[in-house]
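Visitor: Could you have a look at this structure, given as C-alpha cells, before my questions?
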Amino acid sequence: MSHDSHHAPVASKLDLAPERSDLGLIRPDRKTGWADWLTTVDHKKIGIMYGAFAMFFFLVGGLEALAIRTQLARPDNDFVTARMYNQLFTMHGTTMIFLGVMPLSAAFFNFLVPLQIGARDVAFPRLNAFSLWTFVAGAFVLNSSWLFEFGHLAGWFNNFSWYKSLVYTDFAPANGWFSYAPLSGTVGQADAALHAPRFTGVGTDFWIIGIQILGVASLAASFNFICTIINMRAKGMTMMRLPVFTWMTLVTSALIILAFPAITVALIELMFDRQFGANFFNPSAGGQPILWQHLFWIFGHPEVYILVLPAMGIVSEILPTFSGKALFGYPIIVFSGAVIGFLGFAVWSHHMFTTGLGAVPTAAFALLTMAIAVPTGVKIFNWLGTIWGGKIRFTPPMVLALGFIWMFMCGGFSGVMHSSAPADAQQQDSYFVIAHFHYVLLGGVLLGLMAGLYFWFPKIFGRMPNAGVAYLASGLVILGFNLAFGPMHYLGLAGQPRRTHTYHAGNGWETWNFVATIGAFILGIGVFLAFANLVWTAFKGKKCGSDPWDGRTLEWSLSSPVAEYNFAQSPVIAARDAYFEDKHGGRRIAYENDGGEAGVHMPSQSWMPLVAGFGFLMIGLGMPMLSMGVPHIGWLVIAGLTVMFIGIWLWALEGPGGYMLKTPAVGSTPSAPAHQTATTH
Amino acid sequence: MISRLLNRALFIVVPFLGLLLSACSRAEREVRQSTLDPKGPVAQMQYDVFMDTVYLVLVLFAVVGGLLVYAVIRYRARPGDNAAPKLEEGHGNPLVEIGLITASIASLVFIAIPTLNAIWYTDDVPAEAVPTSKLSAWYSRVDANGKENYPKAVEDQVLEIDVIGKQWWFRFEYPQLGLTSDAKHTVPNELYIPRGKAVRINLRSEDVIHSFWLPKIAGKVDLMPGRKNHMWIQADQLGHYYGQCAEFCGDSHAYMLFRCQVVEPEEFAKWVQAQKAEAAPVAAGTKAEKGKALFAAKTCAMCHNISGHYGAGNFGPDLTHVASRKSLAGAWLDNRNPNEQLALELKEKNTEASTPVDPAKLKANLIKWIGSSGTSHTAEGVATKDVKPGNRMHYYKMFNVVSLNESKQQFTAEELDCLAEYLLTLK
Amino acid sequence: MSQVSEPAHAPTSTGIEHKKLIMWLFLASDCMFFGTLISTHLLYRKLYPTGFTDAEGHQRFIQNLFNIELTSFSTFILLMSSFLMALAVSAMHKGQIKSFRRNVLGVIFFGLIFLGCQVFEFTHFFHQGLTIQNSVFGSTFYVLTGTHGTHVAIGILWLILLYFYSFTGKLGGHVGALDVEVAGLYWHFVDIVWIIIFTAVYLVEYLGPSGFWGTGLPLTK
C-alpha cells in the first residue's frame, strides 16, 4: 500500500502541503474544526467522542427510565399506554447497555490504553474511527425507531398506502432487550410472501439491525484493542506490569470477540425467521424458542462482565492512587478478572432457571454461578486490602470508587441469592431482579465509570471539575439510587413482576413504587448534575497541572491535555506503577530517542471510516423500511451496501498515509521530562 | 466538608434504611402476591432456601461491610500526615488470599447444599407425597349415582392440571377429570385445587412464552411453546390466591393475571361436577334471550364456548360458567365489591379471604369489557378505552393478523345490556 | 527526505505483525460464529432425526437428498485451492510475483468451482422440495452452508482485488507478502470450516447402517 508519506519532519501538520492518495483524493490532514473531528484517527479524540455520545445516550435512556417510573408511581396509572411502556423499557435497557455503558467504557479504552502502555496510537487508527462511526450509525438506527413511532402516533403517515396496509403498527421495539422468540419472531406457517404470522412489527426489525450494526462496531474495536495491548506495549511494559485497567480492557475485548458471534448468529436466524419464513424459532414448524434464549444468554451473560470489568479496572486504578499504596494482590486481581471472564461463559443458563431445564442442568448452573462469586469476592477483598493501611485522600473519584465497592457488594449479595435456583424461582422476572442488576450496573458500573470520568477528566481536558458540585452530584446519585432500587428488593419479594406497565391498588405495592419513583427523579437530577459539571469543566473549568492526583501510571507523566503524539520519546518501563516509581522511587522511566531528527510518524486522517459507517446507517434505515413496505426503499439498502463497500475499498487503497512530526527534545534528566511542557493545541 | 461527610454517611445508611422501612410496611400476609408468606410446601421450601441465602449474606455484609467502613475511617489521611509514599509492589499476602478464597468457598457450600436439596424437591411431586395425594386417596372414583368421576387407569396418579397460556389469559384443563377442550369444558383463569394434596401442573403455550407464578404456593415455571414443562404445587391453607404471568408476553402482559381457589377435597369434587354441567336454558322474552341471540349475531360464538348453547368456539375463554367467576378479562377486572373485599382482608388479616361475586360489579365489568375491547368508541360514537390493548376480542383471526383499517365490532348500549344480562345467567 | 522506516515495519511487542494478529483474532471470533451455526444445525438434527417433509407432503430422508459424490468433489477442490494458496503465499515471500499471480488465479478458479457446486446443490435441493420455509432442516442447512458460501465469495473477491493490485507494482516487499499471507490465513480458515461442515452436515448422515441420528430408517427409500 504505497502512499505519499510526508517524509520531511515538520513541527505541525499545518505546515504540510495537502496529501494526495493514489486515486488523487486529498487526505483531510490539514483540516481543523468539525472536519477534524469527523476525520480524526487520534485515539484521544475518538475517545472523547465516544464519551460525548455515551453521555448523551445515558440522558436519553435516563429520560426513558423516568417515564417508566412516572407510569409506575401510582397504581392503575395511565401516563403512557401499555405498548408505549413496553417500548420504553425495551429501549431503556438497550440504550443503557449498548449506547450508554459500552461506549463509555470504549471511551476509556480509547483514551487510556495507548497512554497506559506507552504507545502513540492504537494498532489500527482508521479501524478505530470506523468503530466509532459504526457505533453512531447503529445508535441512530435504533433510536430512529422512535421517530417512526411518533410519526405513527401523530398521524404523519396516514396518507401513504404502505402505511394503510400495515398489519403491525409498533414502530419502536417492544420486546424487551432480550427479545425472546417467538414474541419477537414468528408462529405458524409462512404465507406465499414468506411471512409467517408474527407478534410484532418493524420495531423488532429496527432492533435486530441496530444491534447487528452495534455488534460490528464492538467487534472491530475489540480486535483493535487486543492487538494494541498485546503488540504495542512500550519496552519493559511486560504483561504483569500492565495497569489493571488495561488488563481489564484486554479481558473485556476478549469477551466481546467470543460472545458477540453468538448474538450475531441468533439475530441472523431471527431475521431469517421474520423476513424469509425460516423456522429457527417458530414452534409451529418445530423450531425451539428455547434455543434463542440459549444463544442470547451465551452472549448475554458475558455481556454483563463486558459491562462491569472496565469499571472494576477503573476502580483498581483509583483506589491505589488515593490510598497512596500499591494495589493489593495485583496478580490475584488480574487473575480473578480473567477467571470471571472465563467462568462468565459457563453460567448463562442461570438466566433460564424457570424455563424447565431439568434438575441436573439447573443444579450444575446453580453451582457454577455460586463459583463465579469467588473471583468477584476476591476482587473486593483485594480492594479492601488496598485501602487497608493506606492514607486515604477523599476526592470525588475516590468517594465514587468507594461507592462503587459498596453498591457492587450489595448487588453481588443479591446475585448470590439468585444463584440458588429454588429461591430464584420466586425472584426471576420480579422486581428483585431489577434491584439486583441495577445495584450491579448502576450502583456498580455507573458509579465506577463516573469515578473514572472525574479521575481522568483533568488529564483529558487539563481542567479540574468543581469538587463541590461533584460531591453534591454523587450524593444525589447515591441517595436517589438507593431510594429507587432498595425498595425494589422488597417489591420483588412481594410478588411484583417486572415489565408490567401497571398494577392494581390493593396489592400492597403502592407505597414502595411511589418511593422508588421519587428516588429515580433524585437519581436523574444527580446524574444530570454530574454530567453538566463535566461539560462545563471541559470548556470553562479551572486549569490544572498534568499530575493533580499524584498518579501512578504512565498517562500522568504526560501533559494535560495530552499532545497528539502522546510520547515525544518512547518510554522504557522499569516497574509496575511506572510513573509513581519514577517520581518517588529508584526505578526511573528511561526515554528512547526513537524519532530523533526524523520526528515521529503520525497517521493521516481519513474520510473513509465515516463513509463506511454511513453505509451502515443507510442499510440500517433501509432494512426496517423495507419490511414496512415503503416503495422503492430497497434502493436505499443497495446504495448503503455500495457506499459501505466503496468506503472500505478506498480505505484499503489510500493506505495509512502519514507524516513525520518533530517532537520537542527530551530534557537531560529523565525524571523531569521536558515533554510535559510540550506544546498543546 | 458537610457534603463530604454526608456522602460517606449515605453509603452506609441508605441501604439499611431501605431494609428497615421495608420491614415496617404491611404485614406479609396482607400482600396478595407475597413470596414471604408461603402457604404450601413448595413455596415454603423456596422461602427456606431464600432465607438461608439471606442469613449468609447478612453475615458477609456485616463482616466485609464492617471492614470497609472501618478501613475508610481508620486509614483516612489526616492533616499534617507527611510520611513518604510507600513503594512496595502489591503482591498481596498468599496466606490472606488463600484463606479468604477458602472461606468464600466454604460459605457457598452453606447455601449449595440446601439449594441442591430444594432443586430436586421442587422438580416433581416427591414420592412421599404420592400416597396421600393420589386420586384414589381423596376422591371417590365412582359417585353415589354410579357415575365415573375419573377412569380407573389414573387412580394411582396425583391430580394433573394442564395450564395453557395464551395472549393474555390462562386456560386450565383437568384431563383426568374430563375438563378438557375436547370435552368442551375448560376453566379459564380461575383454577381450583384441593387443599393438602400435591397437584402436578403441565405447562403449555399456544403462542408466546408465558410463566405460571402463584407466589404464595410456588415459584414460577415458564410455559414454552414447543416444549412440555411441568411443576408441582400444594396448598395447605384454604382461600383465594392471586397469581400472574411472569414472562413478558406482549402488549397486555400486565393484564395477564389468574386466581387459584384452594378448597376442601369434598368441595373440589362438587366443583368439578358443576363445571361439567351445561348452561341452563334462558327464559323467553327476557333481555337475556335477546343477548343470547346477539351472542351469535355479533360472532362471539365463533370463539367462545357455552356448553349447551353454543359449542363452536374454542379460541377464547369458555363462558359456560362466567357468572360464577370472581374475575374477568384475564383476572384484571375483579367481580367482587372492592370495599367489602378490602374490609374482609383487613378483618381476617389475610388476603386469602374472599367475598362472593357482586352481580352489579360483574355486570358493569361485562359491559366495560365487551363494549371497549378492540375499539375506540361505541356504536353511538361514545369514546371508550380499551381494557386490554391488543387483545383478540372482535378480531376474527389468530395471531393479530389484522390490518389497520379492518373494521371492528361495535355495540350499542342496549346491545351491551342484553349481552351482559345473558352472560349473568351463566352461573 | 530522511530515511525512515515504514510504520508497518515498526517492531511489535510480540514480533507478530498487527495485521496478522488481528486476522487471528478475527478468526477466533469467526470460530465462535460458525460454532454457533453448526451447533444449531446439530441440535435440530438430533431433535428431528427423520428428515423433512417436502411441498407435496412426502416424508423425505436426507441421505436420499444429498449427492455425496458431488459434495466430495467440491470439498476436494476447495482443499486443493488451499494448497495453491499456500504456494501463492510462499511465492510472494520469495518475491516471485508471476508465480504468485498464477497460483492466486488457480485459487480463484477453484473457489469459483466450489461456489458453482454450491449453487447447483442449492438449486437441486430446492427442486427436490427442500426450502428454507418447509422445515427446520431446510432453515439450518441453507443458512449454515450459505453463510460459508458467503465467506468463500468474500475471499474470492479479496483475492481478485489482490490479483489486480499486483499489476500496479505496489504489491511487493514485506508489506505485500504480509497482505497476501493475511488473505491466505482467511482462505485456509474458510477451508477448515468447510471440512467441519462437510463432516458434521454431510458425512454423519452416512454413518452406520441406520444413520448416525438413530432413525432406524433404511439408507434408500
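Each chain in the C-alpha cells gets a letter, A, B, ..., in the order shown, and its residues are numbered from 1; ligands are numbered from 1 in order too.
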For Ile16 in chain C, work out the shell of residues within 10 Å, counting only C-alpha atoms and skipping chain neighbours fewer than 6 positions away, then give it as a list in words.
Guide: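 Contacts, with the query itself left out: Cys227, Ile230 and Asn231 of chain A; Ile22 of chain C.
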Visitor: Using only C-alpha atoms, what does the table of chain A residues within 6 Å of chain C look like, with each row giving the shortest atom pair and its distance in Å to one decimal, sorted by chain and ascending number, as JSON lines?
Guide:
{"residue": "A:His7", "atom": "CA", "partner": "C:Met1", "partner_atom": "CA", "distance": 5.5}
{"residue": "A:Ala8", "atom": "CA", "partner": "C:Met1", "partner_atom": "CA", "distance": 5.4}
{"residue": "A:Phe223", "atom": "CA", "partner": "C:Ile22", "partner_atom": "CA", "distance": 5.9}
{"residue": "A:Asn231", "atom": "CA", "partner": "C:Ser13", "partner_atom": "CA", "distance": 4.6}
{"residue": "A:Met232", "atom": "CA", "partner": "C:Ser13", "partner_atom": "CA", "distance": 5.7}
{"residue": "A:Arg233", "atom": "CA", "partner": "C:Ser13", "partner_atom": "CA", "distance": 5.9}
{"residue": "A:Ile257", "atom": "CA", "partner": "C:Ser29", "partner_atom": "CA", "distance": 5.2}
{"residue": "A:Leu258", "atom": "CA", "partner": "C:Ser29", "partner_atom": "CA", "distance": 5.4}
{"residue": "A:Pro261", "atom": "CA", "partner": "C:Phe33", "partner_atom": "CA", "distance": 4.6}
{"residue": "A:Gly277", "atom": "CA", "partner": "C:Gln133", "partner_atom": "CA", "distance": 5.2}
{"residue": "A:Ala278", "atom": "CA", "partner": "C:Gln133", "partner_atom": "CA", "distance": 4.7}
{"residue": "A:Asn279", "atom": "CA", "partner": "C:Val136", "partner_atom": "CA", "distance": 5.2}
Visitor: Atoms to include: C-alpha atoms. Write the selected residues as a PDB file, in the first residue's frame.
Guide:
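Once everything was written out, this is again-v5.pdb:
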ATOM      1  CA  HIS A   7       8.898  12.414   4.925  1.00  0.00           C
ATOM      2  CA  ALA A   8      10.189  15.839   5.897  1.00  0.00           C
ATOM      3  CA  PHE A 223      -9.880  -6.711  17.671  1.00  0.00           C
ATOM      4  CA  ASN A 231       1.579  -5.698  20.393  1.00  0.00           C
ATOM      5  CA  MET A 232       2.219  -2.079  21.210  1.00  0.00           C
ATOM      6  CA  ARG A 233       3.492  -2.098  24.756  1.00  0.00           C
ATOM      7  CA  ILE A 257     -14.915 -11.172  20.340  1.00  0.00           C
ATOM      8  CA  LEU A 258     -16.016 -14.526  21.740  1.00  0.00           C
ATOM      9  CA  PRO A 261     -20.742 -14.068  17.431  1.00  0.00           C
ATOM     10  CA  GLY A 277     -40.104 -17.582   6.723  1.00  0.00           C
ATOM     11  CA  ALA A 278     -37.340 -19.764   8.161  1.00  0.00           C
ATOM     12  CA  ASN A 279     -38.091 -21.931  11.185  1.00  0.00           C
TER      13      ASN A 279
END
Visitor: According to DSSP computed on the backbone, where in range 91-159 of chain C is there helix (DSSP H, G or I)? Give the residues as a ChimeraX atom specification.
Guide: /C:91-93,97-127,136-159
Visitor: What's the 7 Å shell around Asp123 in chain B, counting only C-alpha atoms, without same-chain residues fewer than 2 positions away, as a ChimeraX atom specification?
Guide: /A:359 /B:119-121,231
Visitor: For the selection you just gave me, I'd like the residues written to a file as a PDB file, in the first residue's frame, keeping C-alpha atoms.
Guide:
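Writing the result to out.pdb gives the following:
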ATOM      1  CA  ALA A 359     -32.962 -30.792  37.734  1.00  0.00           C
TER       2      ALA A 359
ATOM      3  CA  ILE B 119     -33.904 -28.286  43.277  1.00  0.00           C
ATOM      4  CA  TRP B 120     -34.825 -31.961  43.380  1.00  0.00           C
ATOM      5  CA  TYR B 121     -37.656 -31.456  45.839  1.00  0.00           C
ATOM      6  CA  MET B 231     -44.064 -28.358  38.133  1.00  0.00           C
TER       7      MET B 231
END
Visitor: Which residue out of B:Ile201, B:Val208, B:Val130, B:Ala183 has the minimum interatomic distance to chain A when only C-alpha atoms are used?
Guide: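 Looking at the shortest contact to chain A, the residue is B:Val208.
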Visitor: What's the separation between CA of Ala73 in chain A and CA of Thr511 in chain A, in Å to one decimal place?
Guide: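 CA of Ala73 in chain A sits 8.7 Å away from CA of Thr511 in chain A.
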Visitor: Residues near range 619-630 of chain A, anyone? I mean within 7 Å using only C-alpha atoms, not counting same-chain ones fewer than 5 positions away, as a VMD selection string.
Guide: chain A and resid 141 162 202 205 to 206 209 to 210 636 to 637 640 to 641
Visitor: For a quick check of understanding, using only C-alpha atoms, which of B:Phe110, B:Trp332, B:Phe268, B:Phe212 has the smallest distance to Asn229 in chain B?
Guide: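 Of B:Phe110, B:Trp332, B:Phe268, B:Phe212, the one nearest Asn229 in chain B is B:Phe212, counting only C-alpha atoms.
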Visitor: Give me, please, the distance in Å between CA of Phe485 in chain A and CA of Trp168 in chain B, quoted to one decimal.
Guide: 28.7 Å
Visitor: Within range 20-192 of chain C, find each residue whose DSSP state, derived from the backbone, is strand (DSSP E), and express the selection as a ChimeraX atom specification.
Guide: /C:52-53,59-60
Visitor: Could you list, as a short mmCIF file (atom, residue, chain, number, x, y, z; two decimals) with N, CA and C atoms, in the first residue's frame, every residue within 7 Å of Gln87 in chain A, counting only C-alpha atoms and ignoring same-chain residues fewer than 2 positions away?
Guide:
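File written: part-v5.cif
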data_model
loop_
_atom_site.label_atom_id
_atom_site.label_comp_id
_atom_site.auth_asym_id
_atom_site.auth_seq_id
_atom_site.Cartn_x
_atom_site.Cartn_y
_atom_site.Cartn_z
N ARG A 83 -48.39 -0.29 25.34
CA ARG A 83 -47.39 -0.51 24.30
C ARG A 83 -46.23 0.48 24.46
N MET A 84 -46.56 1.73 24.73
CA MET A 84 -45.50 2.73 24.90
C MET A 84 -44.60 2.35 26.07
N TYR A 85 -45.21 1.83 27.12
CA TYR A 85 -44.42 1.40 28.27
C TYR A 85 -43.45 0.28 27.86
N PHE A 89 -39.35 0.44 28.14
CA PHE A 89 -38.39 -0.39 28.89
C PHE A 89 -37.46 -1.15 27.95
N THR A 90 -37.98 -1.47 26.75
CA THR A 90 -37.09 -2.11 25.77
C THR A 90 -35.95 -1.17 25.38
N MET A 91 -36.32 0.05 25.04
CA MET A 91 -35.31 0.99 24.59
C MET A 91 -34.43 1.46 25.75
N ALA A 172 -41.46 1.34 17.35
CA ALA A 172 -40.30 1.23 18.24
C ALA A 172 -40.32 -0.17 18.84
N PRO A 173 -39.15 -0.78 19.04
CA PRO A 173 -39.13 -2.16 19.53
C PRO A 173 -39.83 -2.30 20.88
N ALA A 174 -40.57 -3.38 21.04
CA ALA A 174 -41.31 -3.58 22.28
C ALA A 174 -41.17 -5.02 22.77
#
Visitor: Write out as a PyMOL selection string the residues lying within 9 Å of His148 in chain C, counting only C-alpha atoms and excluding same-chain residues fewer than 6 positions away.
Guide: chain C and resi 34+190+193-194+197
Visitor: Please report the interatomic distance between CA of Val445 in chain A and CA of Ile314 in chain A in Å with one decimal.
Guide: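 Value for the CA of Val445 in chain A-CA of Ile314 in chain A distance: 9.9 Å.
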Visitor: Can you list, as number ranges by chain, every protein, DNA or RNA residue that comes within 12 Å of Ile113 in chain B when you count only C-alpha atoms, leaving out same-chain residues fewer than 5 positions away?
Guide: A: 363, 366-367, 370, 420-422; B: 49, 52-53, 106-108, 118-120
Visitor: Hey, can you spit out that residue selection with N, CA and C atoms as a compact mmCIF listing (two decimals), in the first residue's frame?
Guide:
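Result file again.txt:
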# COMPACT_ATOMS: atom_id res chain seq x y z
N ALA A 363 -29.04 -27.70 38.59
CA ALA A 363 -28.08 -27.81 39.69
C ALA A 363 -26.69 -27.40 39.23
N ALA A 366 -26.47 -23.71 38.85
CA ALA A 366 -26.54 -23.04 40.15
C ALA A 366 -25.17 -23.07 40.82
N LEU A 367 -24.51 -24.24 40.77
CA LEU A 367 -23.20 -24.36 41.42
C LEU A 367 -22.16 -23.50 40.72
N MET A 370 -22.60 -19.98 41.72
CA MET A 370 -22.02 -19.71 43.04
C MET A 370 -20.51 -19.58 42.91
N SER A 420 -29.11 -19.45 43.89
CA SER A 420 -29.84 -20.59 44.44
C SER A 420 -31.13 -20.75 43.64
N ALA A 421 -31.12 -21.74 42.73
CA ALA A 421 -32.22 -21.84 41.75
C ALA A 421 -33.61 -21.88 42.38
N PRO A 422 -33.83 -22.63 43.47
CA PRO A 422 -35.19 -22.65 44.02
C PRO A 422 -35.62 -21.28 44.53
N VAL B 49 -34.88 -21.81 51.52
CA VAL B 49 -33.59 -21.66 50.84
C VAL B 49 -33.23 -20.19 50.72
N ASP B 52 -31.90 -18.96 53.89
CA ASP B 52 -30.51 -19.38 54.08
C ASP B 52 -29.56 -18.40 53.41
N THR B 53 -29.92 -18.03 52.15
CA THR B 53 -29.03 -17.09 51.46
C THR B 53 -29.03 -15.75 52.17
N ALA B 106 -16.27 -22.07 51.37
CA ALA B 106 -16.97 -22.72 52.48
C ALA B 106 -18.34 -22.08 52.67
N SER B 107 -18.40 -20.74 52.60
CA SER B 107 -19.69 -20.10 52.83
C SER B 107 -20.67 -20.42 51.70
N LEU B 108 -20.12 -20.65 50.49
CA LEU B 108 -21.02 -21.00 49.39
C LEU B 108 -21.56 -22.42 49.55
N ALA B 118 -33.30 -28.58 47.45
CA ALA B 118 -34.57 -27.97 47.04
C ALA B 118 -34.80 -28.11 45.53
N ILE B 119 -33.72 -28.13 44.73
CA ILE B 119 -33.90 -28.29 43.28
C ILE B 119 -34.63 -29.59 42.99
N TRP B 120 -34.18 -30.68 43.64
CA TRP B 120 -34.82 -31.96 43.38
C TRP B 120 -36.21 -32.05 44.02
